[in-house]
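Pasting work_8.csv here (CSV, C-alpha atoms):
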chain,number,residue,atom,x,y,z
I,5,MET,CA,0.0,0.0,0.0
I,6,LYS,CA,2.8,2.4,0.8
I,7,LYS,CA,4.4,1.7,-2.6
I,8,ASN,CA,1.2,2.7,-4.4
I,9,PHE,CA,0.9,5.8,-2.3
I,10,VAL,CA,4.5,6.8,-3.2
I,11,MET,CA,4.0,6.2,-6.9
I,12,ASN,CA,0.7,8.1,-6.9
I,13,LEU,CA,2.2,11.0,-5.0
I,14,THR,CA,5.2,11.2,-7.3
I,15,PHE,CA,2.9,11.1,-10.4
I,16,LEU,CA,0.7,13.8,-8.9
I,17,LEU,CA,3.7,16.0,-8.0
I,18,THR,CA,5.2,15.7,-11.4
I,19,ILE,CA,1.9,16.6,-13.1
I,20,VAL,CA,1.4,19.6,-10.8
I,21,VAL,CA,4.9,20.9,-11.4
I,22,LEU,CA,4.7,20.4,-15.1
I,23,PHE,CA,1.3,22.2,-15.4
I,24,SER,CA,2.1,25.0,-13.0
I,25,PHE,CA,4.2,26.6,-15.6
I,26,LYS,CA,2.5,28.7,-18.3
I,27,SER,CA,1.8,26.9,-21.6
I,28,GLU,CA,4.3,29.2,-23.4
I,29,ILE,CA,7.1,27.3,-21.6
I,30,PHE,CA,6.1,24.1,-23.3
I,31,ALA,CA,5.5,25.6,-26.7
I,32,GLN,CA,8.2,24.8,-29.2
I,33,GLN,CA,8.8,25.8,-32.7
I,34,ILE,CA,8.8,22.5,-34.6
I,35,PRO,CA,9.7,22.8,-38.3
I,36,GLU,CA,7.3,21.2,-40.7
I,37,ASN,CA,10.0,18.9,-42.0
I,38,LYS,CA,10.5,17.2,-38.6
I,39,THR,CA,12.4,13.9,-38.8
I,40,LYS,CA,12.6,11.0,-36.3
I,41,SER,CA,16.1,12.1,-35.4
I,42,ASP,CA,14.7,15.3,-33.8
I,43,PHE,CA,13.9,13.2,-30.7
I,44,TRP,CA,17.6,12.5,-30.1
I,45,ASN,CA,18.4,16.2,-30.3
I,46,HIS,CA,16.6,16.6,-27.0
I,47,VAL,CA,18.1,13.7,-25.2
I,48,GLN,CA,21.1,14.0,-22.9
I,49,PHE,CA,23.0,11.2,-21.2
I,50,GLY,CA,24.9,11.3,-17.9
I,51,GLY,CA,25.0,9.7,-14.6
I,52,GLY,CA,27.5,8.9,-11.9
I,53,LEU,CA,30.4,6.7,-11.1
I,54,GLY,CA,31.8,6.1,-7.6
I,55,LEU,CA,34.8,4.2,-6.3
I,56,GLY,CA,35.9,4.0,-2.7
I,57,PHE,CA,38.6,1.8,-1.3
I,58,GLY,CA,40.3,1.4,2.0
I,59,ASN,CA,41.7,-1.2,4.4
I,60,GLY,CA,39.3,-4.1,3.8
I,61,TYR,CA,36.7,-1.7,2.4
I,62,ALA,CA,35.3,-1.4,-1.2
I,63,ASP,CA,32.5,0.8,-2.5
I,64,ILE,CA,31.8,0.6,-6.3
I,65,MET,CA,28.8,2.5,-7.8
I,66,ILE,CA,27.6,3.0,-11.4
I,67,ALA,CA,24.5,5.0,-12.2
I,68,PRO,CA,23.8,5.9,-15.9
I,69,SER,CA,20.9,8.1,-16.7
I,70,ALA,CA,19.2,9.9,-19.6
I,71,ILE,CA,16.9,12.9,-19.8
I,72,TYR,CA,14.6,14.3,-22.4
I,73,ASN,CA,14.6,18.1,-22.6
I,74,PHE,CA,11.2,19.3,-23.5
I,75,ASN,CA,12.6,22.8,-23.6
I,76,GLU,CA,15.1,24.9,-21.7
I,77,TYR,CA,13.0,24.7,-18.5
I,78,VAL,CA,11.8,21.1,-18.1
I,79,ALA,CA,13.3,17.7,-18.5
I,80,LEU,CA,12.2,14.2,-17.5
I,81,GLY,CA,14.4,11.2,-17.3
I,82,LEU,CA,15.2,7.6,-16.3
I,83,GLY,CA,18.2,6.2,-14.4
I,84,ALA,CA,19.6,2.9,-13.4
I,85,GLN,CA,21.9,2.2,-10.5
I,86,TYR,CA,24.1,-0.6,-9.1
I,87,ASN,CA,26.2,-0.3,-6.0
I,88,TYR,CA,28.4,-2.9,-4.3
I,89,VAL,CA,29.7,-2.2,-0.8
I,90,LYS,CA,31.9,-4.6,1.3
I,91,GLN,CA,33.6,-4.1,4.7
I,92,ARG,CA,35.7,-7.2,5.3
I,93,ASP,CA,34.5,-9.5,8.1
I,94,PHE,CA,31.5,-7.1,8.8
I,95,TYR,CA,29.2,-6.1,6.0
I,96,SER,CA,28.4,-6.6,2.3
I,97,ALA,CA,25.7,-5.3,0.1
I,98,ASN,CA,24.4,-5.3,-3.5
I,99,MET,CA,22.0,-2.6,-4.4
I,100,TYR,CA,20.4,-2.2,-7.8
I,101,GLY,CA,17.3,-0.5,-9.2
I,102,GLY,CA,16.1,2.5,-11.1
I,103,SER,CA,14.8,6.0,-10.8
I,104,LEU,CA,12.5,8.6,-12.5
I,105,ILE,CA,13.6,12.2,-12.4
I,106,THR,CA,12.1,15.6,-13.2
I,107,LEU,CA,14.3,18.6,-13.6
I,108,ILE,CA,13.0,22.2,-13.6
I,109,ASN,CA,15.3,25.1,-14.5
I,110,PRO,CA,13.3,28.2,-13.6
I,111,ILE,CA,16.3,30.4,-14.3
I,112,GLU,CA,19.5,29.5,-16.0
I,113,VAL,CA,21.6,28.9,-12.9
I,114,VAL,CA,19.0,27.2,-10.7
I,115,GLN,CA,17.8,23.6,-11.0
I,116,ILE,CA,15.0,22.1,-9.0
I,117,SER,CA,14.5,18.3,-9.0
I,118,ALA,CA,12.2,15.6,-7.9
I,119,GLU,CA,13.5,12.0,-8.1
I,120,LEU,CA,11.8,8.7,-7.2
I,121,GLU,CA,14.3,6.0,-6.6
I,122,GLN,CA,13.5,2.3,-6.1
I,123,LEU,CA,16.4,0.0,-5.1
I,124,ARG,CA,16.6,-3.7,-4.3
I,125,ILE,CA,18.9,-4.3,-1.3
I,126,ASN,CA,20.6,-7.6,-0.6
I,127,ARG,CA,22.9,-7.2,2.4
I,128,THR,CA,24.6,-9.4,4.9
I,129,TYR,CA,26.0,-8.6,8.4
I,130,GLU,CA,28.8,-10.7,9.9
I,131,GLY,CA,29.9,-10.6,13.4
I,132,THR,CA,31.0,-12.5,16.5
I,133,PHE,CA,27.4,-13.6,17.2
I,134,GLY,CA,26.7,-14.9,13.8
I,135,SER,CA,25.4,-13.4,10.6
I,136,ALA,CA,22.2,-11.9,9.3
I,137,SER,CA,20.9,-11.3,5.8
I,138,GLN,CA,18.3,-8.8,4.6
I,139,ASP,CA,16.6,-8.6,1.2
I,140,PHE,CA,14.2,-5.8,0.7
I,141,TRP,CA,13.1,-2.9,-1.5
I,142,ASN,CA,14.0,0.7,-0.5
I,143,THR,CA,12.1,3.6,-1.9
I,144,ALA,CA,13.4,7.2,-1.7
I,145,LEU,CA,11.7,10.4,-2.9
I,146,PHE,CA,14.2,13.2,-3.2
I,147,PHE,CA,13.4,16.9,-3.7
I,148,GLY,CA,16.5,18.9,-4.5
I,149,ALA,CA,17.9,22.2,-5.6
I,150,GLY,CA,21.2,23.1,-7.1
I,151,TYR,CA,23.4,25.6,-8.8
I,152,ARG,CA,23.7,24.9,-12.6
I,153,ASN,CA,26.5,25.9,-14.9
I,154,GLU,CA,25.8,24.6,-18.4
I,155,ASN,CA,25.6,20.8,-18.1
I,156,ILE,CA,26.9,20.5,-14.5
I,157,THR,CA,24.7,21.0,-11.4
I,158,LEU,CA,25.9,21.0,-7.8
I,159,GLY,CA,23.3,20.8,-5.1
I,160,ILE,CA,21.6,19.1,-2.2
I,161,ARG,CA,18.6,16.8,-2.1
I,162,TYR,CA,16.3,15.7,0.7
I,163,ASN,CA,14.7,12.2,1.0
I,164,ILE,CA,11.2,12.9,2.3
I,165,LEU,CA,10.7,9.1,2.9
I,166,HIS,CA,13.8,8.7,5.1
I,167,ARG,CA,13.4,6.7,8.3
I,168,ASP,CA,16.3,6.4,10.7
I,169,ARG,CA,16.0,2.6,10.8
I,170,ASP,CA,15.3,0.3,7.9
I,171,ASN,CA,16.9,2.6,5.4
I,172,ILE,CA,20.1,2.4,3.3
I,173,TYR,CA,20.9,6.1,3.6
I,174,ALA,CA,22.3,7.4,6.9
I,175,GLU,CA,20.8,10.9,6.6
I,176,PRO,CA,17.9,12.4,4.6
I,177,PHE,CA,20.1,15.1,3.2
I,178,MET,CA,22.4,14.1,0.4
I,179,PRO,CA,24.7,16.4,-1.7
I,180,PHE,CA,24.9,15.7,-5.5
I,181,VAL,CA,26.8,16.4,-8.7
I,182,ARG,CA,24.7,16.0,-11.8
I,183,ILE,CA,26.4,16.0,-15.2
I,184,PHE,CA,24.6,15.5,-18.6
I,185,PHE,CA,26.2,15.6,-22.0
Could you quickly redo this structure as structure tokens?
Amino acid sequence: MKKNFVMNLTFLLTIVVLFSFKSEIFAQQIPENKTKSDFWNHVQFGGGLGLGFGNGYADIMIAPSAIYNFNEYVALGLGAQYNYVKQRDFYSANMYGGSLITLINPIEVVQISAELEQLRINRTYEGTFGSASQDFWNTALFFGAGYRNENITLGIRYNILHRDRDNIYAEPFMPFVRIFF
């Protein structure tokens, strides 16, 4: 039931944000000789890569994404994510899933975002009293804002679904760097 509520809330918020702008924002001059390749002129690819290594520790993350720019103000996109974390003799996790993102650029240097992320978590704890495994879905709904300079955005986002326990993120606030080419 909670999953349906989150999906419905995200859909509603996306629709409200999209239609809260005047119709002129969505109007585009489309030439009469439009070709199929025009679609790809509005698509940008990007994502994130992460590597962290230490004494008995490894954290590897890959998160490709793509957005479709409706115009200079609004973009919608999809992303995928895989993350592997291992702390020797203590913890290991595989996390994988996807996300939907809405980007709003009200002015050239500001970007506002809403992102629904759904990850499957498989993790194992090992300790002196035995081991325990968990296998569950984690849903996050991030609202964020950032400073944008051409195709790079630096900002912070907040997970409104964060709970201190039963969550993979330690804090609801999370900084981000977003790059699209």
Between I:Ile66, I:Ala79, I:Ala84, I:Leu104, which one has atoms that come closest to Ile116 in chain I, using all atoms listed in the file? I:Ala79
Might you pull out every residue within 10 Å of Tyr95 in chain I, with all atoms listed in the file counted and same-chain residues fewer than 3 positions away left off, and present them as a PyMOL selection string? chain I and resi 61+89-92+127-131+135-137
Keeping C-alpha atoms, export the residues of the selection given above as an mmCIF file, keeping the file's coordinate frame.
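Listing of again.cif after writing:
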data_model
loop_
_atom_site.group_PDB
_atom_site.id
_atom_site.type_symbol
_atom_site.label_atom_id
_atom_site.label_comp_id
_atom_site.auth_asym_id
_atom_site.auth_seq_id
_atom_site.Cartn_x
_atom_site.Cartn_y
_atom_site.Cartn_z
ATOM 1 C CA TYR I 61 36.700 -1.700 2.400
ATOM 2 C CA VAL I 89 29.700 -2.200 -0.800
ATOM 3 C CA LYS I 90 31.900 -4.600 1.300
ATOM 4 C CA GLN I 91 33.600 -4.100 4.700
ATOM 5 C CA ARG I 92 35.700 -7.200 5.300
ATOM 6 C CA ARG I 127 22.900 -7.200 2.400
ATOM 7 C CA THR I 128 24.600 -9.400 4.900
ATOM 8 C CA TYR I 129 26.000 -8.600 8.400
ATOM 9 C CA GLU I 130 28.800 -10.700 9.900
ATOM 10 C CA GLY I 131 29.900 -10.600 13.400
ATOM 11 C CA SER I 135 25.400 -13.400 10.600
ATOM 12 C CA ALA I 136 22.200 -11.900 9.300
ATOM 13 C CA SER I 137 20.900 -11.300 5.800
#
Considering all atoms listed in the file, can you say which of I:Trp141, I:Phe57, I:Ser41, I:Tyr162 comes closest to Ala174 in chain I?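 Of all the options, I:Tyr162 lies closest to Ala174 in chain I.
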Have a look at I:Thr143, I:Ser117, I:Asn126, I:Asn163 and name the one nearest to Tyr88 in chain I; count only C-alpha atoms.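 Closest candidate: I:Asn126.
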Nearest to Gln122 in chain I among I:Ile172, I:Ile183, I:Ala97, I:Leu107, with distances taken over all atoms listed in the file: which residue is it?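 Closest residue, counting all atoms listed in the file: I:Ile172.
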Please indicate the distance in Å from CA of Asn142 in chain I to CA of Gln115 in chain I, rounded to one decimal place.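 Computing it gives 25.5 Å between the two atoms.
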